[in-house]
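Below: one structure, written as structure tokens.
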Amino acid sequence: MTTKRFLLPIFILSCLSAFSQISFGDAQKINDNWTFILQDAPEAKNTSYDDSKWQAVGLPHDWSVKGQLSPTLASCTGYLPGGIGWYRKNINIPKSKSGEKVYFYFEGVYNRSEVFINGHSLGKRPNGYISFAYDATPYIKYGADNTIAVRVDHSLSADSRWYTGSGIYRNVWLVYANPVHIAQWGVYAYPEVDKNTGILNIEVALENGSSSKATLTIVNELLGSDGKIVAKSSQKVFIAANQGNKIATKINVKNARLWDLENPYLYHLKTTVFKDGKSIDSAVTQTGFRNFTFDSNKGFALNGTWMKMKGVCLHHDAGVLGSAVPRDVLKTRLKTLKEIGVNAIRTSHNPQAPDFYELCDEIGLLVLNEAYDEWEFPKRKWLQGWNQGVPGFEGTYDIFADWAEKDLEDMVHRDRNHLSVFAWSIGNEVDYPNDPYSHPVLDGGKDTGFSQPAYGGYKKEAPDAMRLGSIAKRLVAAVKKYDKSRPATAGLAGVAMSNETEYPGALDIVGYNYTENKYQSDHKKYPKRVIFGSENVHDMGPWLAVKNNEHIFGQFLWTGIDYLGESGSWPSRGFYSGLVDLAGIIKPRGYFRQSLWSDKPMIYAGTYIGDKGTELSKDAWPLWNYKEGQMIRVVCYTNAAKARLELNGTVIGVEKQYDEKKGVIYWDVPFTSGKLEAIGLSNDGKIVSRYSILSSQQPHALVVNDKNSTVDKQKGVAKIIVQVVDEKGLPVMLSDNEVTCTVSGSGTLLGLEAGNNTDMTDYTDNVQRVFHGHLVAYIQATGGNEPITVQFSSNWLKPVEVTVKVK
């Protein structure tokens with residue numbers, strides 16, 4: 001048996017500052033009062049340029065999602081446009097800041113950006129998912145306005161297999177700093193746990209941007225959740241002029257509280273830099289103690305407890321909001337996934353916004369942090385429908401040679417202090433057979449074991465798959481440069497082909513995409529290999545392959561939430577396999593997964609016409625409106641030992657045992673209106689769970705889920721669910737009424753999202769049809785103290801009004 005132990009840093013970024021993300025200086029968000037134009041305007045970099053006719057926007061901003069859906073555009077983008085855009089903003093840098101350094105920090109700009117200050121280029125960053133900072137000090141005018149301009153080139157709009165968004169779609173920060181300060185992402189800590197003692201290893205990297213040498217004292221204080229100091233250390237360090245240096249130390253905590261998924265206990269690490277007895281810089285980072293164990297035979301353990309990862313793959317958009325997703329919306333979505341029973345997220349297939357990692361730390365979710373979907377050659381990008389027509393080959397492969405290691409290093413450097421991150425993925429399906437790499441094994445044969453789909457057999461003219469090993473070794477080395485405490489991994493699509501190369505051997509743990517049939521044979525052939533399902537379908541079989549095989553430590557479903565892009569033929573906004581829809585509402589398949597993954601008693605019932613009740617290819621919605629006497633299949637998902645079905649209080653579905661192999665209980669019954677109820681029972685016959693569906697009448701009124709919403713006045717976002725109901729207040733699932741939303745007061749409408757994948761109407765206005773009887777309105781506070789009044793109206797329906805308080 002081979003055991004690999006990785007003791008992980010466990011940090012949470014403060015939601016009140018950027019200290020722990022940027023790790024130095026005085027950081028201030030500068031998201032407000034930008035101007036924008038969707039065209040190339042090369043002269044816009046100059047301070048004298050007149051942008052008075054440009055659009056006023058706030059950040060984060062995604063211009064693609066606000067564009068016109070069109071069947072002439074690429075299906076991989078969700079039929080939304082790219083283009084070239086410019087952003088500008090004037091910033092007054094006070095004269096009092098003279099002598100301090102000035103930086104601009106971007107969490108992400110999609111993509112191929114260039115940043116200018118007062119007409120001077122600060123640099124270019126082609127990767128749209130990577131955070132970066134520029135030192136603007138040489139070009140700053142202190143005591144005057146300074147013009148920052150950003151060019152964003154997403155003219156290669158079909159450069160990804162999914163929707164990316166376009167523009168400055170994450171936060172931007174202005175950072176003032178003493179010339180002597182902590183380096184960017186310069187605080188690194190990782191824990192060890194020895195019995196009841198927590199050992200926090202700390203490194204602090206420092207920069208001296210002055211022309212004088214500096215003697216500093218670095219103080220690290222660890223605070224518990226009550227704010228009391230539980231441990232402290234102090235070190236002196238010398239830094240030569242215009243040089244850097246770092247210190248390494250460790251602090252011990254007796255009876256340390258461990259972070260786990262149910263009780264994510266957090267500490268705060270405060271790092272302060274003193275010069276001549278005066279504090280000149282500091283950083284505050286949330287942290288804690290825990291460890292991971294990966295074992296080729298036993299799988300995965302958190303803090304010594306063996307467990308299964310119940311994971312989902314997750315893209316970064318949120319339907320109508322595109323890729324500019326507010327923190328409040330992201331938090332709600334992640335909490336919904338955890339409610340289903342999800343305990344791990346794979347960032348498919350790129351780093352996400354810093355808010356995402358903060359929230360996973362706080363909520364208690366594990367994260368597989370992934371960097372790339374393609375390496376040195378392009379993959380197919382579908383333009384007319386998913387896996388249909390003639391593909392395109394735009395991509396980001398052209399920047400790989402120059403930026404691959406740098407981008408990966410920066411991902412690890414930025415996110416290494418997050419407790420949620422358990423592994424770094426260097427790629428997804430870069431080994432897909434003939435897309436682009438090829439190998440003689442693709443010709444098949446009884447001795448090859450190759451059974452995966454490929455675009456034809458071996459292609460001599462295609463890139464040689466043997467290159468995968470050497471590239472993987474380079475990327476793994478880049479990961480280890482900034483973090484040796486976590487394993488490196490990848491999602492392999494062509495496992496049979498990759499097994500002929502050095503690729504799997506370069507990884508610490510190996511992800512198998514849709515290749516459950518090789519779990520046993522490869523475990524036998526490669527006994528030291530730690531294997532998990534990095535991408536899987538929702539069927540019962542792949543889950544049983546995890547549940548029933550001790551050496552497979554988990555799976556990651558494709559996907560957790562519906563997303564834009566990878567669309568089918570028009571009309572189709574995106575990919576529809578999520579447990580949760582584009583509006584953030586749990587779908588029937590989400591309840592099926594909850595029955596498998598949640599420890600809390602649950603039961604769900606859905607219906608449809610047909611006889612495929614044991615399959616998940618057809619969602620069973622909670623609908624009980626059919627023709628009298630019509631035979632209806634009622635599908636039940638539960639974690640109870642058995643279930644029965646009642647109609648208007650009378651048993652119409654006999655008691656049935658839970659089916660361990662299929663996970664589904666179902667009955668075929670004739671329709672009669674009323675109350676249909678699925679009842680979950682324990683083995684001794686006690687009722688443990690109930691779920692009811694009621695027949696509804698004609699649509700009568702609109703209602704909202706919460707009439708007492710409160711949001712932070714600094715751009716807090718309220719999610720309001722609007723439901724169509726009948727005269728008795730029952731939800732009308734079949735309604736598709738058009739709803740108008742009107743907002744007044746200190747707020748604005750960000751978007752209306754019904755979750756309908758085939759609705760290709762305008763999503764940029766305040767009118768939208770409900771889907772399954774409901775839609776979601778995202779209302780954002782604009783900074784004022786006045787309450788936000790939101791009105792919903794629809795022809796022939798009783799309107800509803802809700803007041804959102806600001807705090």
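Note on naming: chains are A, B, ... as they come in the structure tokens, residues start from 1 per chain, ligands start from 1 in the order shown.
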
Range 632-635 of chain A environment, 6 Å, only C-alpha atoms, sequence neighbours closer than 6 positions dropped, as a count of residues only: 11

If we count only C-alpha atoms and set the cut-off at 10 Å, which residues sit around Pro81 in chain A, ignoring sequence neighbours fewer than 3 positions away in its own chain? Please answer as an MDAnalysis selection string. chainID A and resid 63:70 72:74 77:78 154:158 165:166

Top pick for closest residue to Lys310 in chain A, considering A:Glu114, A:Asp712, A:Glu535, A:Glu192 and counting only C-alpha atoms: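 Among the listed residues, A:Glu535 lies closest to Lys310 in chain A.
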
Run DSSP on the backbone and give me the residues of range 352-471 of chain A it puts in helix (DSSP H, G or I), as a ChimeraX atom specification. /A:354-363,397-415,440-443,467-471

Keeping only N, CA, C and O atoms, write the selected residues to a file as a compact mmCIF listing (two decimals), in the first residue's frame.
# COMPACT_ATOMS: atom_id res chain seq x y z
N PRO A 354 -11.71 35.22 -6.64
CA PRO A 354 -11.32 35.03 -5.24
C PRO A 354 -12.50 34.83 -4.30
O PRO A 354 -12.38 34.07 -3.33
N ASP A 355 -13.63 35.48 -4.57
CA ASP A 355 -14.81 35.29 -3.72
C ASP A 355 -15.20 33.82 -3.62
O ASP A 355 -15.64 33.35 -2.57
N PHE A 356 -15.05 33.08 -4.70
CA PHE A 356 -15.42 31.67 -4.71
C PHE A 356 -14.66 30.88 -3.65
O PHE A 356 -15.24 30.10 -2.89
N TYR A 357 -13.34 31.09 -3.58
CA TYR A 357 -12.52 30.33 -2.64
C TYR A 357 -12.79 30.76 -1.20
O TYR A 357 -12.82 29.92 -0.29
N GLU A 358 -12.99 32.07 -0.99
CA GLU A 358 -13.36 32.55 0.34
C GLU A 358 -14.61 31.83 0.83
O GLU A 358 -14.68 31.36 1.97
N LEU A 359 -15.62 31.77 -0.04
CA LEU A 359 -16.90 31.19 0.36
C LEU A 359 -16.79 29.70 0.61
O LEU A 359 -17.41 29.16 1.54
N CYS A 360 -16.01 29.00 -0.20
CA CYS A 360 -15.83 27.56 0.04
C CYS A 360 -15.11 27.32 1.36
O CYS A 360 -15.43 26.37 2.08
N ASP A 361 -14.16 28.18 1.71
CA ASP A 361 -13.51 28.09 3.01
C ASP A 361 -14.53 28.27 4.14
O ASP A 361 -14.53 27.52 5.11
N GLU A 362 -15.37 29.27 4.01
CA GLU A 362 -16.31 29.62 5.06
C GLU A 362 -17.45 28.60 5.19
O GLU A 362 -17.87 28.27 6.31
N ILE A 363 -17.95 28.12 4.06
CA ILE A 363 -19.09 27.19 4.06
C ILE A 363 -18.66 25.78 4.42
O ILE A 363 -19.40 25.03 5.04
N TYR A 397 -4.35 28.48 -26.98
CA TYR A 397 -3.14 27.67 -27.15
C TYR A 397 -1.95 28.52 -27.59
O TYR A 397 -0.79 28.19 -27.30
N ASP A 398 -2.22 29.64 -28.29
CA ASP A 398 -1.13 30.45 -28.81
C ASP A 398 -0.33 31.14 -27.72
O ASP A 398 0.80 31.59 -27.97
N ILE A 399 -0.88 31.25 -26.50
CA ILE A 399 -0.15 31.89 -25.42
C ILE A 399 0.52 30.86 -24.50
O ILE A 399 1.22 31.23 -23.55
N PHE A 400 0.31 29.58 -24.78
CA PHE A 400 0.76 28.54 -23.86
C PHE A 400 2.28 28.54 -23.71
O PHE A 400 2.80 28.45 -22.58
N ALA A 401 3.00 28.63 -24.78
CA ALA A 401 4.47 28.54 -24.71
C ALA A 401 5.06 29.63 -23.83
O ALA A 401 5.98 29.39 -23.05
N ASP A 402 4.52 30.84 -23.93
CA ASP A 402 5.08 31.97 -23.20
C ASP A 402 4.51 32.12 -21.78
O ASP A 402 5.19 32.67 -20.90
N TRP A 403 3.29 31.63 -21.57
CA TRP A 403 2.60 31.95 -20.33
C TRP A 403 2.22 30.75 -19.47
O TRP A 403 1.72 30.92 -18.34
N ALA A 404 2.39 29.54 -19.94
CA ALA A 404 1.86 28.37 -19.23
C ALA A 404 2.35 28.29 -17.79
O ALA A 404 1.54 28.20 -16.85
N GLU A 405 3.66 28.29 -17.60
CA GLU A 405 4.19 28.18 -16.25
C GLU A 405 3.85 29.42 -15.42
O GLU A 405 3.48 29.30 -14.24
N LYS A 406 3.94 30.59 -15.99
CA LYS A 406 3.67 31.83 -15.26
C LYS A 406 2.22 31.87 -14.77
O LYS A 406 1.96 32.19 -13.60
N ASP A 407 1.29 31.55 -15.64
CA ASP A 407 -0.12 31.57 -15.24
C ASP A 407 -0.40 30.54 -14.16
O ASP A 407 -1.13 30.81 -13.20
N LEU A 408 0.16 29.35 -14.30
CA LEU A 408 -0.07 28.30 -13.31
C LEU A 408 0.57 28.68 -11.98
O LEU A 408 -0.04 28.49 -10.91
N GLU A 409 1.76 29.21 -12.02
CA GLU A 409 2.42 29.66 -10.80
C GLU A 409 1.58 30.72 -10.08
O GLU A 409 1.45 30.70 -8.85
N ASP A 410 1.02 31.65 -10.85
CA ASP A 410 0.23 32.72 -10.24
C ASP A 410 -1.07 32.19 -9.65
O ASP A 410 -1.55 32.70 -8.63
N MET A 411 -1.66 31.18 -10.28
CA MET A 411 -2.85 30.56 -9.70
C MET A 411 -2.52 29.95 -8.34
O MET A 411 -3.23 30.17 -7.35
N VAL A 412 -1.44 29.18 -8.30
CA VAL A 412 -1.04 28.52 -7.06
C VAL A 412 -0.63 29.57 -6.02
O VAL A 412 -1.01 29.49 -4.85
N HIS A 413 0.15 30.55 -6.45
CA HIS A 413 0.64 31.60 -5.56
C HIS A 413 -0.53 32.34 -4.91
O HIS A 413 -0.51 32.60 -3.70
N ARG A 414 -1.55 32.66 -5.70
CA ARG A 414 -2.71 33.41 -5.17
C ARG A 414 -3.55 32.56 -4.23
O ARG A 414 -4.01 33.04 -3.20
N ASP A 415 -3.79 31.30 -4.59
CA ASP A 415 -4.79 30.49 -3.89
C ASP A 415 -4.23 29.51 -2.88
O ASP A 415 -4.97 28.77 -2.25
N PRO A 440 -0.64 5.31 -31.48
CA PRO A 440 -1.00 4.05 -32.15
C PRO A 440 -2.03 3.22 -31.41
O PRO A 440 -2.76 2.43 -32.04
N VAL A 441 -2.14 3.38 -30.09
CA VAL A 441 -3.12 2.59 -29.34
C VAL A 441 -4.55 2.87 -29.80
O VAL A 441 -5.46 2.05 -29.60
N LEU A 442 -4.75 4.01 -30.44
CA LEU A 442 -6.10 4.38 -30.89
C LEU A 442 -6.60 3.49 -32.03
O LEU A 442 -7.79 3.50 -32.35
N ASP A 443 -5.71 2.73 -32.62
CA ASP A 443 -6.15 1.79 -33.66
C ASP A 443 -6.86 0.58 -33.06
O ASP A 443 -7.46 -0.22 -33.76
N ARG A 467 4.15 13.61 -26.06
CA ARG A 467 4.49 14.94 -25.57
C ARG A 467 3.79 15.26 -24.24
O ARG A 467 4.23 16.13 -23.49
N LEU A 468 2.69 14.56 -23.98
CA LEU A 468 1.91 14.85 -22.77
C LEU A 468 2.75 14.71 -21.51
O LEU A 468 2.62 15.51 -20.58
N GLY A 469 3.58 13.71 -21.46
CA GLY A 469 4.38 13.47 -20.26
C GLY A 469 5.34 14.59 -19.96
O GLY A 469 5.45 15.06 -18.81
N SER A 470 6.08 15.05 -20.97
CA SER A 470 7.07 16.11 -20.74
C SER A 470 6.40 17.42 -20.35
O SER A 470 6.91 18.16 -19.49
N ILE A 471 5.27 17.73 -20.99
CA ILE A 471 4.56 18.96 -20.63
C ILE A 471 4.02 18.87 -19.21
O ILE A 471 4.12 19.83 -18.42

Of the listed residues A:Tyr519, A:Trp185, A:Trp597, A:Tyr105, that which approaches Met307 in chain A most closely, counting only C-alpha atoms: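 Answer, going by the shortest atom-to-atom distance: A:Trp597.
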
Record the distance separating CA of Lys528 in chain A and CA of Ile552 in chain A, expressed in Å with one decimal.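 So the answer is 12.6 Å.
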
Choose the residue, out of A:Gln698, A:Ala205, A:His316, A:Leu419, that has the smallest atom-to-atom separation from Leu258 in chain A; count only C-alpha atoms.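 Of all the options, A:Leu419 lies closest to Leu258 in chain A.
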
If we count only C-alpha atoms and set the cut-off at 10 Å, which residues sit around Ala183 in chain A, ignoring sequence neighbours fewer than 6 positions away in its own chain? Please answer as a PyMOL selection string. chain A and resi 22-25+204-208+244-246

Would you put the residues from that selection into a file with C-alpha atoms, as a short mmCIF file (atom, residue, chain, number, x, y, z; two decimals), in the first residue's frame?
data_model
loop_
_atom_site.label_atom_id
_atom_site.label_comp_id
_atom_site.auth_asym_id
_atom_site.auth_seq_id
_atom_site.Cartn_x
_atom_site.Cartn_y
_atom_site.Cartn_z
CA ILE A 22 -3.20 40.86 -2.21
CA SER A 23 -1.31 40.53 1.10
CA PHE A 24 0.21 43.99 1.28
CA GLY A 25 -0.54 47.70 1.48
CA VAL A 204 6.61 35.89 4.67
CA ALA A 205 8.21 37.29 1.49
CA LEU A 206 9.22 40.96 1.57
CA GLU A 207 10.21 43.57 -0.98
CA ASN A 208 12.36 46.65 -0.54
CA GLY A 244 13.74 41.03 -1.55
CA ASN A 245 14.02 38.61 1.35
CA LYS A 246 11.81 36.33 3.40
#

Please provide the set of residues having any atom within 6 Å of range 774-791 of chain A, restricted to only C-alpha atoms, with same-chain residues fewer than 2 positions apart removed, written as a ChimeraX atom specification. /A:713-723,741-754,770-772,800-806

Using backbone DSSP assignments, extract all strand (DSSP E) residues from range 75-110 of chain A; output them as a PyMOL selection string. chain A and resi 83-93+101-106

Restricted to N, CA and C atoms, what would the selected residues look like written as a PDB file, in the first residue's frame?
ATOM      1  N   GLY A  83     -15.728  40.417 -29.055  1.00  0.00           N
ATOM      2  CA  GLY A  83     -15.399  41.756 -29.539  1.00  0.00           C
ATOM      3  C   GLY A  83     -14.197  42.341 -28.831  1.00  0.00           C
ATOM      4  N   ILE A  84     -13.977  43.623 -29.080  1.00  0.00           N
ATOM      5  CA  ILE A  84     -12.915  44.395 -28.428  1.00  0.00           C
ATOM      6  C   ILE A  84     -13.568  45.555 -27.688  1.00  0.00           C
ATOM      7  N   GLY A  85     -13.190  45.755 -26.442  1.00  0.00           N
ATOM      8  CA  GLY A  85     -13.757  46.833 -25.643  1.00  0.00           C
ATOM      9  C   GLY A  85     -12.688  47.605 -24.898  1.00  0.00           C
ATOM     10  N   TRP A  86     -13.025  48.815 -24.529  1.00  0.00           N
ATOM     11  CA  TRP A  86     -12.137  49.673 -23.739  1.00  0.00           C
ATOM     12  C   TRP A  86     -12.870  50.155 -22.498  1.00  0.00           C
ATOM     13  N   TYR A  87     -12.117  50.253 -21.386  1.00  0.00           N
ATOM     14  CA  TYR A  87     -12.613  50.830 -20.138  1.00  0.00           C
ATOM     15  C   TYR A  87     -11.699  51.988 -19.736  1.00  0.00           C
ATOM     16  N   ARG A  88     -12.304  53.008 -19.120  1.00  0.00           N
ATOM     17  CA  ARG A  88     -11.509  54.148 -18.625  1.00  0.00           C
ATOM     18  C   ARG A  88     -12.059  54.614 -17.274  1.00  0.00           C
ATOM     19  N   LYS A  89     -11.158  55.167 -16.479  1.00  0.00           N
ATOM     20  CA  LYS A  89     -11.552  55.731 -15.187  1.00  0.00           C
ATOM     21  C   LYS A  89     -10.505  56.754 -14.756  1.00  0.00           C
ATOM     22  N   ASN A  90     -10.971  57.888 -14.209  1.00  0.00           N
ATOM     23  CA  ASN A  90     -10.074  58.880 -13.631  1.00  0.00           C
ATOM     24  C   ASN A  90      -9.993  58.680 -12.124  1.00  0.00           C
ATOM     25  N   ILE A  91      -8.786  58.650 -11.605  1.00  0.00           N
ATOM     26  CA  ILE A  91      -8.562  58.412 -10.183  1.00  0.00           C
ATOM     27  C   ILE A  91      -7.651  59.503  -9.635  1.00  0.00           C
ATOM     28  N   ASN A  92      -8.120  60.179  -8.595  1.00  0.00           N
ATOM     29  CA  ASN A  92      -7.290  61.191  -7.954  1.00  0.00           C
ATOM     30  C   ASN A  92      -6.369  60.530  -6.942  1.00  0.00           C
ATOM     31  N   ILE A  93      -5.089  60.721  -7.112  1.00  0.00           N
ATOM     32  CA  ILE A  93      -4.098  60.206  -6.175  1.00  0.00           C
ATOM     33  C   ILE A  93      -3.649  61.372  -5.301  1.00  0.00           C
ATOM     34  N   LYS A 101       4.156  53.804  -2.877  1.00  0.00           N
ATOM     35  CA  LYS A 101       4.018  53.149  -4.170  1.00  0.00           C
ATOM     36  C   LYS A 101       2.531  52.934  -4.467  1.00  0.00           C
ATOM     37  N   VAL A 102       2.188  52.916  -5.760  1.00  0.00           N
ATOM     38  CA  VAL A 102       0.804  52.769  -6.206  1.00  0.00           C
ATOM     39  C   VAL A 102       0.719  51.572  -7.155  1.00  0.00           C
ATOM     40  N   TYR A 103      -0.178  50.635  -6.815  1.00  0.00           N
ATOM     41  CA  TYR A 103      -0.388  49.435  -7.629  1.00  0.00           C
ATOM     42  C   TYR A 103      -1.855  49.345  -8.046  1.00  0.00           C
ATOM     43  N   PHE A 104      -2.085  48.706  -9.168  1.00  0.00           N
ATOM     44  CA  PHE A 104      -3.437  48.337  -9.579  1.00  0.00           C
ATOM     45  C   PHE A 104      -3.503  46.817  -9.668  1.00  0.00           C
ATOM     46  N   TYR A 105      -4.494  46.250  -8.970  1.00  0.00           N
ATOM     47  CA  TYR A 105      -4.644  44.798  -8.888  1.00  0.00           C
ATOM     48  C   TYR A 105      -5.962  44.398  -9.536  1.00  0.00           C
ATOM     49  N   PHE A 106      -5.887  43.516 -10.534  1.00  0.00           N
ATOM     50  CA  PHE A 106      -7.055  43.036 -11.265  1.00  0.00           C
ATOM     51  C   PHE A 106      -7.288  41.566 -10.921  1.00  0.00           C
TER      52      PHE A 106
END
